[in-house]
Every structure is written in structure tokens, then in C-alpha cells.
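Source file: input23.cif (mmCIF, C-alpha atoms)
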data_protein
#
loop_
_atom_site.label_atom_id
_atom_site.label_comp_id
_atom_site.auth_asym_id
_atom_site.auth_seq_id
_atom_site.Cartn_x
_atom_site.Cartn_y
_atom_site.Cartn_z
CA MET N 194 -8.00 -16.08 19.37
CA ASN N 195 -6.69 -12.62 20.24
CA ILE N 196 -5.37 -10.59 17.29
CA LEU N 197 -2.92 -7.67 17.22
CA VAL N 198 -2.70 -5.18 14.31
CA ILE N 199 0.46 -3.06 14.01
CA GLY N 200 -0.03 0.45 12.59
CA SER N 201 -2.27 3.49 12.79
CA GLY N 202 -3.46 4.43 9.28
CA GLY N 203 -6.37 3.76 6.96
CA ARG N 204 -4.87 0.47 5.80
CA GLU N 205 -4.61 -0.76 9.38
CA HIS N 206 -8.16 0.35 10.19
CA ALA N 207 -9.38 -1.65 7.16
CA LEU N 208 -7.39 -4.70 8.28
CA PHE N 209 -8.72 -4.28 11.85
CA TRP N 210 -12.29 -4.06 10.54
CA LYS N 211 -12.01 -7.18 8.35
CA LEU N 212 -10.17 -9.22 10.99
CA SER N 213 -12.83 -8.31 13.57
CA GLU N 214 -15.48 -9.96 11.32
CA SER N 215 -13.86 -13.38 11.73
CA PRO N 216 -15.60 -15.89 14.02
CA GLN N 217 -12.09 -16.82 15.20
CA THR N 218 -11.44 -13.33 16.62
CA GLU N 219 -12.09 -13.03 20.36
CA ARG N 220 -10.38 -9.70 21.11
CA ILE N 221 -8.55 -7.43 18.70
CA TYR N 222 -5.91 -4.86 19.66
CA ALA N 223 -3.89 -2.28 17.74
CA ILE N 224 -0.43 -0.73 18.27
CA PRO N 225 -0.70 2.24 18.30
CA GLY N 226 -4.12 2.20 16.57
CA ASN N 227 -6.33 5.20 15.82
CA PRO N 228 -9.74 6.46 17.07
CA GLY N 229 -11.55 4.37 14.43
CA MET N 230 -10.16 1.20 16.01
CA GLY N 231 -11.17 2.17 19.54
CA GLU N 232 -8.66 1.82 22.37
CA MET N 233 -5.16 3.08 21.52
CA THR N 234 -1.73 2.23 22.94
CA ASP N 235 1.37 4.40 23.20
CA ILE N 236 3.84 1.73 22.04
CA ALA N 237 5.90 2.69 18.97
CA VAL N 238 5.70 0.39 15.92
CA THR N 239 9.52 0.23 15.97
CA ASP N 240 9.74 -0.97 19.59
CA ASN N 241 10.03 -4.72 18.96
CA ALA N 242 10.65 -5.58 22.62
CA ALA N 243 7.55 -3.70 23.84
CA ILE N 244 5.39 -5.22 21.10
CA LEU N 245 6.64 -8.70 22.01
CA GLN N 246 5.88 -8.08 25.69
CA PHE N 247 2.37 -6.81 24.82
CA ALA N 248 1.70 -9.86 22.61
CA LYS N 249 2.69 -12.22 25.42
CA GLU N 250 0.63 -10.37 28.06
CA LYS N 251 -2.50 -10.36 25.89
CA ASP N 252 -2.05 -13.98 24.71
CA ILE N 253 -1.99 -12.90 21.05
CA GLY N 254 -2.52 -15.73 18.54
CA LEU N 255 -1.77 -13.69 15.39
CA VAL N 256 0.07 -10.40 14.78
CA VAL N 257 -0.71 -8.57 11.51
CA VAL N 258 1.95 -6.02 10.53
CA GLY N 259 0.56 -3.13 8.46
CA PRO N 260 3.41 -0.70 7.62
CA GLU N 261 6.78 -1.39 5.98
CA VAL N 262 9.09 0.07 8.65
CA PRO N 263 8.45 -2.59 11.36
CA LEU N 264 8.84 -5.30 8.70
CA MET N 265 12.28 -3.93 7.75
CA ASN N 266 12.99 -3.60 11.47
CA GLY N 267 12.70 -7.39 11.92
CA LEU N 268 9.45 -7.46 13.92
CA VAL N 269 8.23 -10.66 12.22
CA ASP N 270 11.61 -12.33 12.87
CA ASP N 271 11.37 -11.48 16.59
CA LEU N 272 7.75 -12.62 16.87
CA GLU N 273 8.47 -15.92 15.12
CA ALA N 274 11.49 -16.52 17.38
CA ALA N 275 9.13 -16.10 20.37
CA GLY N 276 6.66 -18.60 18.86
CA ILE N 277 4.01 -15.96 18.02
CA PRO N 278 2.48 -16.35 14.51
CA ALA N 279 2.87 -13.18 12.43
CA PHE N 280 1.53 -12.13 9.02
CA GLY N 281 4.21 -10.40 7.00
CA PRO N 282 7.67 -11.12 5.58
CA ARG N 283 10.86 -11.36 7.63
CA ALA N 284 13.34 -8.48 7.36
CA ASN N 285 15.49 -10.09 4.65
CA ALA N 286 12.38 -10.66 2.48
CA ALA N 287 10.97 -7.17 3.16
CA GLU N 288 14.13 -5.90 1.42
CA ILE N 289 12.11 -6.25 -1.80
CA GLU N 290 10.47 -2.98 -0.76
CA GLY N 291 13.23 -1.59 1.45
CA SER N 292 15.73 -1.35 -1.40
CA LYS N 293 14.62 -0.54 -4.94
CA SER N 294 18.06 -1.51 -6.25
CA PHE N 295 17.75 -4.94 -4.60
CA ALA N 296 14.33 -5.42 -6.22
CA LYS N 297 15.56 -4.28 -9.65
CA ASP N 298 18.65 -6.52 -9.49
CA LEU N 299 16.46 -9.47 -8.48
CA MET N 300 14.16 -8.87 -11.46
CA LYS N 301 17.10 -8.55 -13.85
CA LYS N 302 18.68 -11.79 -12.54
CA TYR N 303 15.45 -13.82 -12.83
CA GLY N 304 14.01 -12.27 -16.01
CA ILE N 305 10.99 -10.61 -14.37
CA PRO N 306 9.57 -7.85 -16.63
CA THR N 307 10.34 -4.31 -15.46
CA ALA N 308 11.75 -1.02 -16.76
CA ARG N 309 15.40 -0.75 -17.86
CA TYR N 310 17.44 0.93 -15.10
CA GLU N 311 20.79 1.90 -13.58
CA VAL N 312 21.75 2.48 -9.93
CA PHE N 313 23.98 5.39 -8.82
CA ALA N 314 25.75 6.22 -5.56
CA GLU N 315 27.29 9.42 -6.98
CA ALA N 316 25.16 12.40 -8.00
CA GLU N 317 27.42 13.46 -10.87
CA ALA N 318 27.26 10.01 -12.49
CA ALA N 319 23.45 10.07 -12.12
CA ARG N 320 23.29 13.47 -13.83
CA ALA N 321 25.51 12.29 -16.69
CA TYR N 322 23.26 9.27 -17.23
CA ILE N 323 20.16 11.49 -17.35
CA ARG N 324 21.78 13.73 -19.95
CA SER N 325 22.73 10.72 -22.09
CA GLU N 326 19.30 9.00 -21.82
CA GLY N 327 17.03 12.01 -22.27
CA THR N 328 13.48 12.38 -20.93
CA PRO N 329 10.89 11.43 -19.85
CA ILE N 330 12.75 9.44 -17.18
CA VAL N 331 12.02 8.21 -13.64
CA VAL N 332 14.23 9.02 -10.61
CA LYS N 333 13.74 7.02 -7.39
CA ALA N 334 15.33 7.18 -3.95
CA ASP N 335 16.67 3.68 -3.30
CA GLY N 336 15.35 3.25 0.25
CA LEU N 337 12.04 3.67 2.08
CA ALA N 338 10.60 7.14 1.49
CA ALA N 339 6.98 6.70 2.67
CA GLY N 340 5.73 6.36 -0.91
CA LYS N 341 7.08 9.78 -1.90
CA GLY N 342 10.63 9.17 -3.17
CA VAL N 343 9.71 8.89 -6.87
CA VAL N 344 9.88 11.64 -9.50
CA VAL N 345 8.52 11.08 -13.00
CA ALA N 346 10.53 13.76 -14.81
CA MET N 347 9.19 15.05 -18.12
CA THR N 348 12.12 17.44 -18.64
CA GLU N 349 15.87 17.12 -18.10
CA GLN N 350 15.81 19.91 -15.52
CA GLU N 351 13.14 18.11 -13.48
CA ALA N 352 15.27 14.96 -13.46
CA LEU N 353 18.44 16.85 -12.48
CA ASP N 354 16.52 18.68 -9.73
CA ALA N 355 15.26 15.32 -8.44
CA VAL N 356 18.84 14.00 -8.16
CA ASP N 357 19.85 17.19 -6.29
CA ALA N 358 16.88 16.92 -3.90
CA ILE N 359 17.41 13.21 -3.17
CA MET N 360 21.22 12.96 -3.11
CA GLU N 361 22.55 16.44 -2.33
CA HIS N 362 19.81 17.91 -0.11
CA ASN N 363 18.88 14.58 1.58
CA SER N 364 15.13 15.17 1.10
CA PHE N 365 14.51 11.54 2.10
CA GLY N 366 17.40 11.08 4.51
CA ASP N 367 19.34 7.82 4.25
CA ALA N 368 16.82 6.52 1.67
CA GLY N 369 18.51 8.81 -0.86
CA ALA N 370 22.09 7.60 -0.45
CA ARG N 371 21.60 5.93 -3.83
CA VAL N 372 19.18 6.54 -6.69
CA VAL N 373 17.62 4.20 -9.20
CA ILE N 374 17.04 5.81 -12.60
CA GLU N 375 14.58 4.01 -14.87
CA GLU N 376 13.21 4.27 -18.35
CA PHE N 377 9.73 5.85 -18.51
CA MET N 378 7.10 3.19 -19.21
CA GLU N 379 4.01 4.07 -21.26
CA GLY N 380 0.72 2.55 -20.16
CA GLU N 381 -1.88 2.45 -17.41
CA GLU N 382 -0.97 1.59 -13.83
CA ALA N 383 -2.73 -1.03 -11.73
CA SER N 384 -2.15 -2.75 -8.39
CA LEU N 385 -2.31 -6.49 -7.81
CA LEU N 386 -1.88 -7.82 -4.29
CA ALA N 387 -1.39 -11.48 -3.43
CA PHE N 388 -1.48 -13.69 -0.35
CA THR N 389 1.42 -16.14 -0.16
CA ASP N 390 2.80 -18.67 2.31
CA GLY N 391 6.12 -18.79 0.46
CA THR N 392 4.96 -21.48 -1.97
CA VAL N 393 1.25 -21.08 -2.74
CA ILE N 394 0.20 -17.74 -4.28
CA ARG N 395 -3.37 -16.43 -4.25
CA PRO N 396 -3.89 -13.15 -6.12
CA MET N 397 -6.44 -10.72 -4.72
CA ILE N 398 -8.85 -8.63 -6.75
CA SER N 399 -7.08 -5.90 -8.77
CA ALA N 400 -7.23 -2.20 -7.87
CA GLN N 401 -6.17 1.17 -9.23
CA ASP N 402 -4.77 4.02 -7.15
CA HIS N 403 -4.87 7.78 -7.83
CA LYS N 404 -1.52 9.25 -6.74
CA ARG N 405 -1.83 12.86 -7.88
CA ALA N 406 -3.33 15.40 -5.48
CA PHE N 407 -5.84 17.02 -7.84
CA ASP N 408 -8.53 16.13 -10.40
CA GLY N 409 -7.34 15.11 -13.84
CA ASP N 410 -4.21 13.51 -12.33
CA LYS N 411 -2.66 16.94 -11.76
CA GLY N 412 -0.53 18.24 -8.92
CA PRO N 413 2.09 16.61 -6.70
CA ASN N 414 2.35 12.91 -5.93
CA THR N 415 0.69 11.82 -2.68
CA GLY N 416 0.36 8.57 -0.77
CA GLY N 417 -2.89 8.04 -2.70
CA MET N 418 -6.06 10.14 -3.02
CA GLY N 419 -8.43 7.27 -3.76
CA THR N 420 -8.80 3.80 -5.23
CA TYR N 421 -11.27 1.47 -6.82
CA ALA N 422 -11.57 -2.28 -7.34
CA PRO N 423 -11.70 -4.22 -9.50
CA ALA N 424 -9.60 -2.34 -12.10
CA PRO N 425 -11.04 -2.97 -15.60
CA VAL N 426 -7.55 -2.58 -17.14
CA MET N 427 -6.58 -5.83 -15.35
CA THR N 428 -8.50 -8.28 -17.51
CA PRO N 429 -8.52 -11.96 -16.47
CA GLU N 430 -5.88 -12.59 -19.16
CA LEU N 431 -3.57 -9.84 -17.85
CA THR N 432 -4.05 -11.02 -14.26
CA GLU N 433 -3.06 -14.53 -15.33
CA ARG N 434 0.05 -13.14 -17.07
CA ALA N 435 0.97 -11.15 -13.95
CA VAL N 436 0.70 -14.32 -11.86
CA GLU N 437 2.71 -16.48 -14.28
CA GLU N 438 5.32 -13.93 -15.42
CA ILE N 439 5.77 -11.90 -12.21
CA LEU N 440 4.28 -13.33 -9.00
CA LYS N 441 5.39 -16.95 -9.36
CA PRO N 442 8.94 -16.13 -10.56
CA THR N 443 9.35 -13.52 -7.79
CA ILE N 444 8.29 -15.82 -4.95
CA SER N 445 10.49 -18.57 -6.42
CA ALA N 446 13.43 -16.14 -6.79
CA MET N 447 13.13 -15.01 -3.18
CA GLU N 448 13.19 -18.65 -2.04
CA LYS N 449 16.32 -19.29 -4.12
CA GLU N 450 17.99 -16.21 -2.64
CA GLY N 451 17.38 -17.52 0.90
CA ARG N 452 14.69 -14.90 1.55
CA ALA N 453 11.49 -17.00 1.71
CA TYR N 454 8.58 -14.58 1.29
CA ARG N 455 5.37 -14.94 3.32
CA GLY N 456 2.57 -12.43 3.77
CA CYS N 457 1.14 -9.98 1.25
CA LEU N 458 3.18 -9.08 -1.84
CA TYR N 459 2.01 -5.94 -3.61
CA LEU N 460 2.71 -5.51 -7.30
CA GLY N 461 2.61 -1.97 -8.66
CA LEU N 462 2.20 -2.67 -12.38
CA MET N 463 2.37 -0.75 -15.62
CA ILE N 464 0.18 -2.31 -18.30
CA THR N 465 2.34 -1.70 -21.37
CA ALA N 466 1.92 -2.70 -25.02
CA ASP N 467 4.13 -5.69 -24.13
CA GLY N 468 2.02 -6.72 -21.14
CA PRO N 469 2.35 -6.11 -17.38
CA LYS N 470 5.69 -4.85 -16.04
CA VAL N 471 6.71 -4.14 -12.44
CA VAL N 472 6.84 -0.49 -11.37
CA GLU N 473 7.50 -1.40 -7.72
CA PHE N 474 7.06 -4.09 -5.10
CA ASN N 475 5.67 -3.44 -1.63
CA ALA N 476 6.16 -5.96 1.16
CA ARG N 477 2.70 -5.36 2.62
CA PHE N 478 -0.86 -4.29 1.81
CA GLY N 479 -1.16 -1.05 -0.16
CA ASP N 480 -2.77 2.09 1.21
CA PRO N 481 -5.45 2.97 0.10
CA GLU N 482 -5.83 -0.24 -2.01
CA THR N 483 -6.57 -2.30 1.11
CA GLN N 484 -9.63 -0.16 1.77
CA VAL N 485 -11.30 -1.36 -1.47
CA VAL N 486 -9.86 -4.88 -1.77
CA LEU N 487 -10.83 -6.20 1.69
CA PRO N 488 -14.54 -5.23 1.47
CA LEU N 489 -14.72 -7.48 -1.62
CA LEU N 490 -13.10 -10.45 0.13
CA ASP N 491 -15.64 -13.21 0.76
CA GLY N 492 -13.70 -15.16 3.34
CA ASP N 493 -12.18 -15.33 6.81
CA LEU N 494 -9.12 -13.06 6.87
CA VAL N 495 -7.85 -14.55 10.15
CA GLN N 496 -7.91 -18.03 8.64
CA ILE N 497 -6.16 -16.83 5.46
CA MET N 498 -3.43 -14.93 7.33
CA HIS N 499 -2.81 -17.77 9.78
CA ALA N 500 -2.38 -20.10 6.80
CA CYS N 501 0.13 -17.71 5.18
CA ALA N 502 2.15 -17.61 8.41
CA GLY N 503 1.97 -21.38 8.86
CA GLY N 504 2.56 -22.55 5.28
CA THR N 505 -0.92 -24.04 4.77
CA LEU N 506 -2.50 -21.60 2.31
CA ALA N 507 -3.32 -24.44 -0.12
CA ASP N 508 -5.97 -25.65 2.34
CA VAL N 509 -7.88 -22.36 2.59
CA PRO N 510 -10.64 -21.32 0.15
CA ILE N 511 -10.50 -17.67 -0.97
CA ARG N 512 -13.46 -16.19 -2.82
CA TRP N 513 -14.34 -12.67 -3.99
CA LYS N 514 -17.70 -10.91 -4.01
CA ASP N 515 -19.32 -9.62 -7.16
CA GLY N 516 -19.56 -5.84 -7.48
CA ALA N 517 -17.13 -3.00 -6.89
CA ALA N 518 -15.71 -0.75 -4.17
CA VAL N 519 -14.51 2.87 -4.44
CA CYS N 520 -12.50 4.78 -1.81
CA VAL N 521 -12.31 8.59 -1.76
CA VAL N 522 -9.63 10.07 0.51
CA LEU N 523 -10.55 13.22 2.43
CA ALA N 524 -7.33 15.19 2.91
CA ALA N 525 -6.25 18.20 4.95
CA GLY N 526 -5.78 21.43 2.98
CA GLY N 527 -2.14 21.77 1.91
CA TYR N 528 -1.40 18.02 1.81
CA PRO N 529 1.06 16.61 0.65
CA ALA N 530 2.95 19.75 1.81
CA SER N 531 2.25 21.38 5.20
CA TYR N 532 -1.26 21.24 6.64
CA GLU N 533 -3.20 22.04 9.81
CA LYS N 534 -4.02 19.49 12.50
CA GLY N 535 -6.64 19.52 15.23
CA ASN N 536 -9.73 20.52 13.22
CA GLU N 537 -12.95 18.83 14.36
CA ILE N 538 -14.50 16.32 11.94
CA TYR N 539 -18.29 16.28 11.49
CA GLY N 540 -20.67 13.80 9.92
CA ILE N 541 -18.87 10.44 10.05
CA GLY N 542 -21.94 8.79 11.58
CA ASN N 543 -24.19 10.22 8.85
CA ALA N 544 -21.91 8.74 6.17
CA GLU N 545 -21.98 5.34 7.88
CA LYS N 546 -25.80 5.47 8.05
CA LEU N 547 -25.77 5.57 4.22
CA GLY N 548 -23.90 2.24 4.24
CA ALA N 549 -20.40 3.62 3.64
CA LEU N 550 -17.29 2.34 5.37
CA VAL N 551 -15.28 5.21 6.89
CA PHE N 552 -11.66 4.30 7.63
CA HIS N 553 -9.62 6.63 9.85
CA ALA N 554 -6.21 7.47 8.39
CA GLY N 555 -5.04 10.65 10.13
CA THR N 556 -7.34 11.33 13.09
CA ALA N 557 -7.02 11.84 16.84
CA LYS N 558 -9.38 12.14 19.80
CA LYS N 559 -9.37 15.45 21.65
CA ASN N 560 -11.81 16.30 24.46
CA GLY N 561 -14.05 13.46 23.29
CA LYS N 562 -14.16 14.74 19.69
CA ILE N 563 -12.58 13.31 16.53
CA VAL N 564 -10.11 15.78 15.00
CA THR N 565 -7.70 15.83 12.06
CA ASN N 566 -4.19 14.56 12.78
CA GLY N 567 -2.61 13.82 9.39
CA GLY N 568 -2.54 14.70 5.70
CA ARG N 569 -4.85 11.91 4.57
CA VAL N 570 -7.58 12.13 7.20
CA LEU N 571 -10.31 9.62 6.19
CA GLY N 572 -10.97 7.04 3.49
CA VAL N 573 -14.66 6.85 2.57
CA VAL N 574 -15.63 3.61 0.82
CA GLY N 575 -18.79 3.08 -1.20
CA MET N 576 -19.94 -0.30 -2.52
CA GLY N 577 -22.09 -1.09 -5.55
CA LYS N 578 -22.96 -3.63 -8.22
CA ASP N 579 -20.49 -1.89 -10.55
CA ILE N 580 -17.92 0.93 -10.50
CA ALA N 581 -20.48 3.62 -11.38
CA SER N 582 -22.84 2.75 -8.53
CA ALA N 583 -19.92 2.39 -6.08
CA VAL N 584 -18.69 5.88 -7.11
CA GLN N 585 -22.16 7.28 -6.43
CA SER N 586 -22.32 5.58 -3.02
CA ALA N 587 -18.86 6.86 -2.06
CA TYR N 588 -19.52 10.49 -3.03
CA ASP N 589 -22.98 10.48 -1.40
CA ALA N 590 -21.22 9.56 1.84
CA VAL N 591 -18.37 12.05 1.29
CA ASP N 592 -20.99 14.83 1.11
CA GLN N 593 -21.99 14.02 4.70
CA ILE N 594 -18.52 14.69 6.16
CA SER N 595 -16.81 18.03 6.74
CA PHE N 596 -13.85 19.61 8.50
CA LYS N 597 -11.96 22.87 8.09
CA GLY N 598 -9.70 22.81 5.01
CA GLU N 599 -11.03 19.45 3.74
CA TYR N 600 -10.36 18.64 0.10
CA HIS N 601 -10.79 15.53 -2.03
CA ARG N 602 -10.61 14.51 -5.64
CA LYS N 603 -13.96 14.48 -7.42
CA ASP N 604 -12.91 12.13 -10.24
CA ILE N 605 -11.91 8.89 -8.48
CA ALA N 606 -12.34 5.92 -10.88
CA HIS N 607 -12.47 8.25 -13.93
CA ARG N 608 -10.42 5.82 -16.03
CA ALA N 609 -12.84 2.98 -15.35
CA LEU N 610 -15.88 5.17 -16.06
CA ASN N 611 -14.37 6.46 -19.32
CA ARG N 612 -13.49 3.04 -20.72
#
Whole structure, C-alpha cells version:
Amino acid sequence: MNILVIGSGGREHALFWKLSESPQTERIYAIPGNPGMGEMTDIAVTDNAAILQFAKEKDIGLVVVGPEVPLMNGLVDDLEAAGIPAFGPRANAAEIEGSKSFAKDLMKKYGIPTARYEVFAEAEAARAYIRSEGTPIVVKADGLAAGKGVVVAMTEQEALDAVDAIMEHNSFGDAGARVVIEEFMEGEEASLLAFTDGTVIRPMISAQDHKRAFDGDKGPNTGGMGTYAPAPVMTPELTERAVEEILKPTISAMEKEGRAYRGCLYLGLMITADGPKVVEFNARFGDPETQVVLPLLDGDLVQIMHACAGGTLADVPIRWKDGAAVCVVLAAGGYPASYEKGNEIYGIGNAEKLGALVFHAGTAKKNGKIVTNGGRVLGVVGMGKDIASAVQSAYDAVDQISFKGEYHRKDIAHRALNR
């Protein structure tokens, strides 16, 4: 069948790569795509009508939606109405990511473990709550903020400044009309993604992201500077608890609320002394978690996604490879603040010759050359029999690639290696 991937980042390149391995895939397209995926289109991911028209013209048998914005924009609803199978939740189910207050209220109602919280539409009330609770405390923009609308405030001033930035200065636009303020949870973070058809839930292999820009988990929060899988902190026992105490109740709750959830549900978890608790939900694959989880999948992703869309996941075997994967993100100097674009990238082919997977995240093609076109430019993935050997493979490949202003963290997977 013909497949269409929606999106243009490293996550979508990883999905494109894994989907193209399937014997069921005849031709694979991307909207808008990136140079790593080959041919690109100029259709916007928010243009549902144009995407629908493209899918009909190309006889698409499965659409895989990568980013959150088209999910919230009802793309899956429109595709399903046209009889085109789509992997991803409908708009009313994607609300679990689109509104943090919705997600928190859902967890409170159904007893799903998460941090204590309050929601505020008025800045002064939010400030008063911060002063009464003390710090550390977590301030979140309620809506979609491209993974950046969260401030972990260690001092009262930081928390108050976060409220000002989000609510008074509109740093995240409409996403900051309300804020969610949460208790600070102690522990180690991990990510657990799951395939679901709305009834059957199949957890993927666990991963751990590195959000801070610099080594030693220092510097500003980013969209993610690297990942590894599996995450040793997620023992089989903790994974089982996450499935029983979080995944199953959440999918059941969404069904009861009239928001049947199909696709990939991402759990951002804090492993606390009391067990796993939800930091956040995402209504799609994580980025850059996808880049390490999919290389470890021993199965046909087209078959799995078609089953999620069609409600037949129980019939599909899903297995995972032994070993580990590590992704190091190569970023443009200045990211996550302002950065240059248009610098030529050298050495991708040399990295691939070493056996690495190189996923394009922020690249463009200019005069036949690959150049930088985003903050996170490439994700370089190394594989190995264990985390240590995968780290070595990843950094050996990273050493082959260069572009003006390039920087990357040199300590990806440090928690796993120090255990």
C-alpha cells in the first residue's frame, strides 16, 4: 500500500524510515517531509483539505500523523470521514496533550497517579498560590507550547517570573491563557510509549530523554538533546505498574469520557519513591524518543499501525530486539534561543558508513547541498549490545559530522552508565 507521513522533523524521519522497511509499503510520501526523506511537498501540516486531496490522488492506504498540531486540528477526524485509515487520535482525544488542565482533571477524576496541582486563569491568583506553596514548584502553560511551556522553578522569583512570561507577556501565545501549577516531584524521569487501538494496549520499550541544553543537565530546557533505550530505571516491575496504574486506567477513562483513544500514547513519567507518576501525556510519538525506540522494534510498523487504526491490535505480534540504542542530537549554536540557518553539513555519509542511523530534524536542501534549517539539526543513532556500546557507536558517528556552530551534549545516557 501507499503510506503518507505527516511532519518534517527527526521523529517523522524515523517513522518514515521504519515504515519504509515494511513489505506492505509500496510507495511512501511525506507532507512536507525533509531532505532525509527524499522528495518534499509544500503542503502545510495544518491544511486538512489539501492533505485529504493528496491522499486521494496518491491512493494512500495509511496516513501516519507525527506532530501534535494536526492531531488537535482534527486531521484524523477528516481522514476517517473520507474512509482513509489514519494512525493517531481524533481531535477530542488529542486534548490529553492539547490541554494540561484537561489531562490533570482526567487523572484526578479517575485516580491516576500524578503531581498535586491547581489551574489558574488569573495571574494574581497564580502568584498568590506560589507564595503560599513555596518552592521548588512547576509552572506550565496550559496549551500546546512545542515542548517548551514548562518551568521547574527552584526559587519563588523564578516561579513568579514564569507566570509573568506565560500569562502577562504571552510568551506562548494562546497556550498561556491559563497555567497549571504543580508540586515538584522528586525522582528520575522516563518515557514509556504505547500502541493502542482504544482497547488493547501494547507498551513499547522504555526510553529516557535529556531536556537540558548542556552537559550535566545544565542550561535551558530544549525539545530534547538526546535519548537512549531501554531506560534501566524502568525495571520490568515498574513498567508493569505503569501499564496497570496509568496506561489501562487512562485509555479506559478516555473511552468513558467519549474520547476513544487510538494511536500512540506517550507517558512522561517521574519514578518517585511511591512508584511511577505522570508528568505529562503526549498524543503522539516523542521526539527524540522515537529515534531510539523504533530501531529496537522487531516487527512490521505498517501492520501495527493499521491494526491500531482498525481496532485489531490484539491480532498483531509485537516483539523487541535485544540490545540498546542511543541518539545524540546535533544542534545549531545558540539553540534553544536564536541560531543561524543555512550552514552546510558535512560527513553524514561517513557516519552512515559506520552503521549509524542519521535522522534529519532541521535540514534543508540548497543548491544540491544539505544545510542547517532548525535548532535541532540531526539525530545520530548508534546501536549496540548494551547502553555503553551504543553510546560508543553514536559518538563515533557524531565525530564524522560537522557544520558551522554545531554543538551537542557529550554525556547522553550518563544516568544509565552511572547506575
So, with all atoms listed in the file as the atoms that count, which of N:Gly417, N:Arg283, N:Thr465, N:Thr505 lies closest to Arg405 in chain N?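 Closest candidate: N:Gly417.
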Set the distance at 12 Å and use all atoms listed in the file: which residues neighbour Arg320 in chain N once local chain neighbours fewer than 2 positions away are removed? I'd like the list as number ranges by chain. N: 311-318, 322-327, 330, 332, 349-357, 360-361, 372-374
If the PyMOL selection byres ((chain N and resi 385) around 10) is run on the structure shown, which residues does it catch, given as a list in words?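 Applying the PyMOL selection byres ((chain N and resi 385) around 10) to the structure shown produces Ala383, Ser384, Leu386, Ala387, Pro396, Met397, Ile398, Ser399, Ala400, Gln401, Pro423, Ala424, Met427, Thr432, Ala435, Val436, Leu440, Leu458, Tyr459, Leu460, Gly461, Leu462, Phe478, Gly479, Glu482 and Val486 of chain N.
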So the first atom is CA of Val269 in chain N and the second is CA of Phe295 in chain N; what is the distance between them in Å, to one decimal place?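 Taking CA of Val269 in chain N as the start and CA of Phe295 in chain N as the end point, the length is 20.2 Å.
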Just want the 8 Å neighbourhood of Met233 in chain N, counted on only C-alpha atoms, with same-chain residues fewer than 4 positions away dropped. Output as a list in words.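 With the cut-off at 8 Å, the set is Ala223, Ile224, Pro225, Gly226, Asn227 and Pro228 of chain N.
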Show which residues sit within 7 Å of range 205-212 of chain N, as a PyMOL selection string. Count only C-alpha atoms, and ignore same-chain residues fewer than 2 positions away. chain N and resi 198+200-203+214-215+229-230+259+483-484+487+494-495+552-553
Selected residue, from N:Thr328, N:Gln593, N:Asn475, N:Asn195, that lies nearest to Glu545 in chain N when counting all atoms listed in the file: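 Selected residue with least distance to Glu545 in chain N: N:Gln593.
Here, the PyMOL selection byres ((chain N and resi 217) around 8) matches Met194, Ser215, Pro216, Thr218, Glu219, Val495 and Gln496 of chain N.
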Output file for the selection above: C-alpha atoms, as a JSON list (two decimals), in the frame of the given file:
[["chain", "number", "residue", "atom", "x", "y", "z"],
["N", 194, "MET", "CA", -8.00, -16.08, 19.37],
["N", 215, "SER", "CA", -13.86, -13.38, 11.73],
["N", 216, "PRO", "CA", -15.60, -15.89, 14.02],
["N", 218, "THR", "CA", -11.44, -13.33, 16.62],
["N", 219, "GLU", "CA", -12.09, -13.03, 20.36],
["N", 495, "VAL", "CA", -7.85, -14.55, 10.15],
["N", 496, "GLN", "CA", -7.91, -18.03, 8.64]]
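The interatomic distance for the pair CA of Ala287 in chain N and CA of Met447 in chain N works out to 10.3 Å.
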For the atom pair CA of Leu547 in chain N and CA of Val573 in chain N, what is the interatomic distance in Å to one decimal place?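 Computed distance, CA of Leu547 in chain N to CA of Val573 in chain N, equals 11.3 Å.
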Would you write out, as a ChimeraX atom specification, every residue that the PyMOL selection byres ((chain N and resi 197) around 9) captures in this file? /N:195-196,198-199,209,220-224,248,253-258
Under the rule that all atoms listed in the file are counted, which of N:Glu382, N:Pro413, N:Ala338, N:Val471 is the nearest residue to Ala308 in chain N?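 Counting all atoms listed in the file, the residue closest to Ala308 in chain N is N:Val471.
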Do you know which residues are at most 10 Å from Pro510 in chain N counting only C-alpha atoms, after dropping those on the same chain fewer than 5 positions away, and could you put them as a VMD selection string? chain N and resid 395 491 to 493 496 to 497
Can you tell me, as a PyMOL selection string, what residues are no more than 9 Å from Thr239 in chain N when counting all atoms listed in the file, ignoring any on the same chain fewer than 5 positions away? chain N and resi 244+262-263+266+268
Closest to Gly598 in chain N among N:Gln585, N:Thr443, N:Thr565, N:Ser364, using all atoms listed in the file?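 So, comparing all the options, the nearest one is N:Thr565.
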For a quick check of understanding, using all atoms listed in the file, which of N:Gly412, N:Gly577, N:Pro425, N:Gly276 has the smallest distance to His607 in chain N?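 Closest to His607 in chain N of all the choices is N:Pro425.
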May I have the protein, DNA and RNA residues with any atom at most 12 Å from the point (-9.9, 5.3, -19.4), counting only C-alpha atoms, written as an NGL selection string? :N and (380-382 or 401 or 409 or 424-426 or 604-612)
As AutoDock Vina command-line options, what would the box around range 364-383 of chain N look like: edges along x, y and z, 5 Å added on every side, centre and edge lengths in Å to one decimal?
--center_x 9.7 --center_y 7.1 --center_z -8.4 --size_x 34.8 --size_y 26.2 --size_z 35.8
Add whatever atoms are absent from range 264-271 of chain N to reach N, CA, C and O atoms, and provide the output as a compact mmCIF listing (two decimals), keeping the file's coordinate frame.
# COMPACT_ATOMS: atom_id res chain seq x y z
N LEU N 264 8.41 -4.10 9.43
CA LEU N 264 8.84 -5.30 8.70
C LEU N 264 10.35 -5.26 8.47
O LEU N 264 11.06 -6.23 8.72
N MET N 265 10.84 -4.10 7.97
CA MET N 265 12.28 -3.93 7.75
C MET N 265 13.06 -3.98 9.06
O MET N 265 14.23 -4.33 9.10
N ASN N 266 12.37 -3.64 10.15
CA ASN N 266 12.99 -3.60 11.47
C ASN N 266 13.03 -4.98 12.13
O ASN N 266 13.42 -5.11 13.28
N GLY N 267 12.59 -6.02 11.40
CA GLY N 267 12.70 -7.39 11.92
C GLY N 267 11.65 -7.79 12.93
O GLY N 267 11.85 -8.74 13.70
N LEU N 268 10.49 -7.11 12.94
CA LEU N 268 9.45 -7.46 13.92
C LEU N 268 8.95 -8.89 13.73
O LEU N 268 8.78 -9.63 14.71
N VAL N 269 8.73 -9.30 12.47
CA VAL N 269 8.23 -10.66 12.22
C VAL N 269 9.27 -11.69 12.67
O VAL N 269 8.91 -12.72 13.27
N ASP N 270 10.55 -11.42 12.43
CA ASP N 270 11.61 -12.33 12.87
C ASP N 270 11.54 -12.53 14.39
O ASP N 270 11.62 -13.67 14.89
N ASP N 271 11.39 -11.41 15.13
CA ASP N 271 11.37 -11.48 16.59
C ASP N 271 10.12 -12.20 17.11
O ASP N 271 10.19 -12.98 18.07
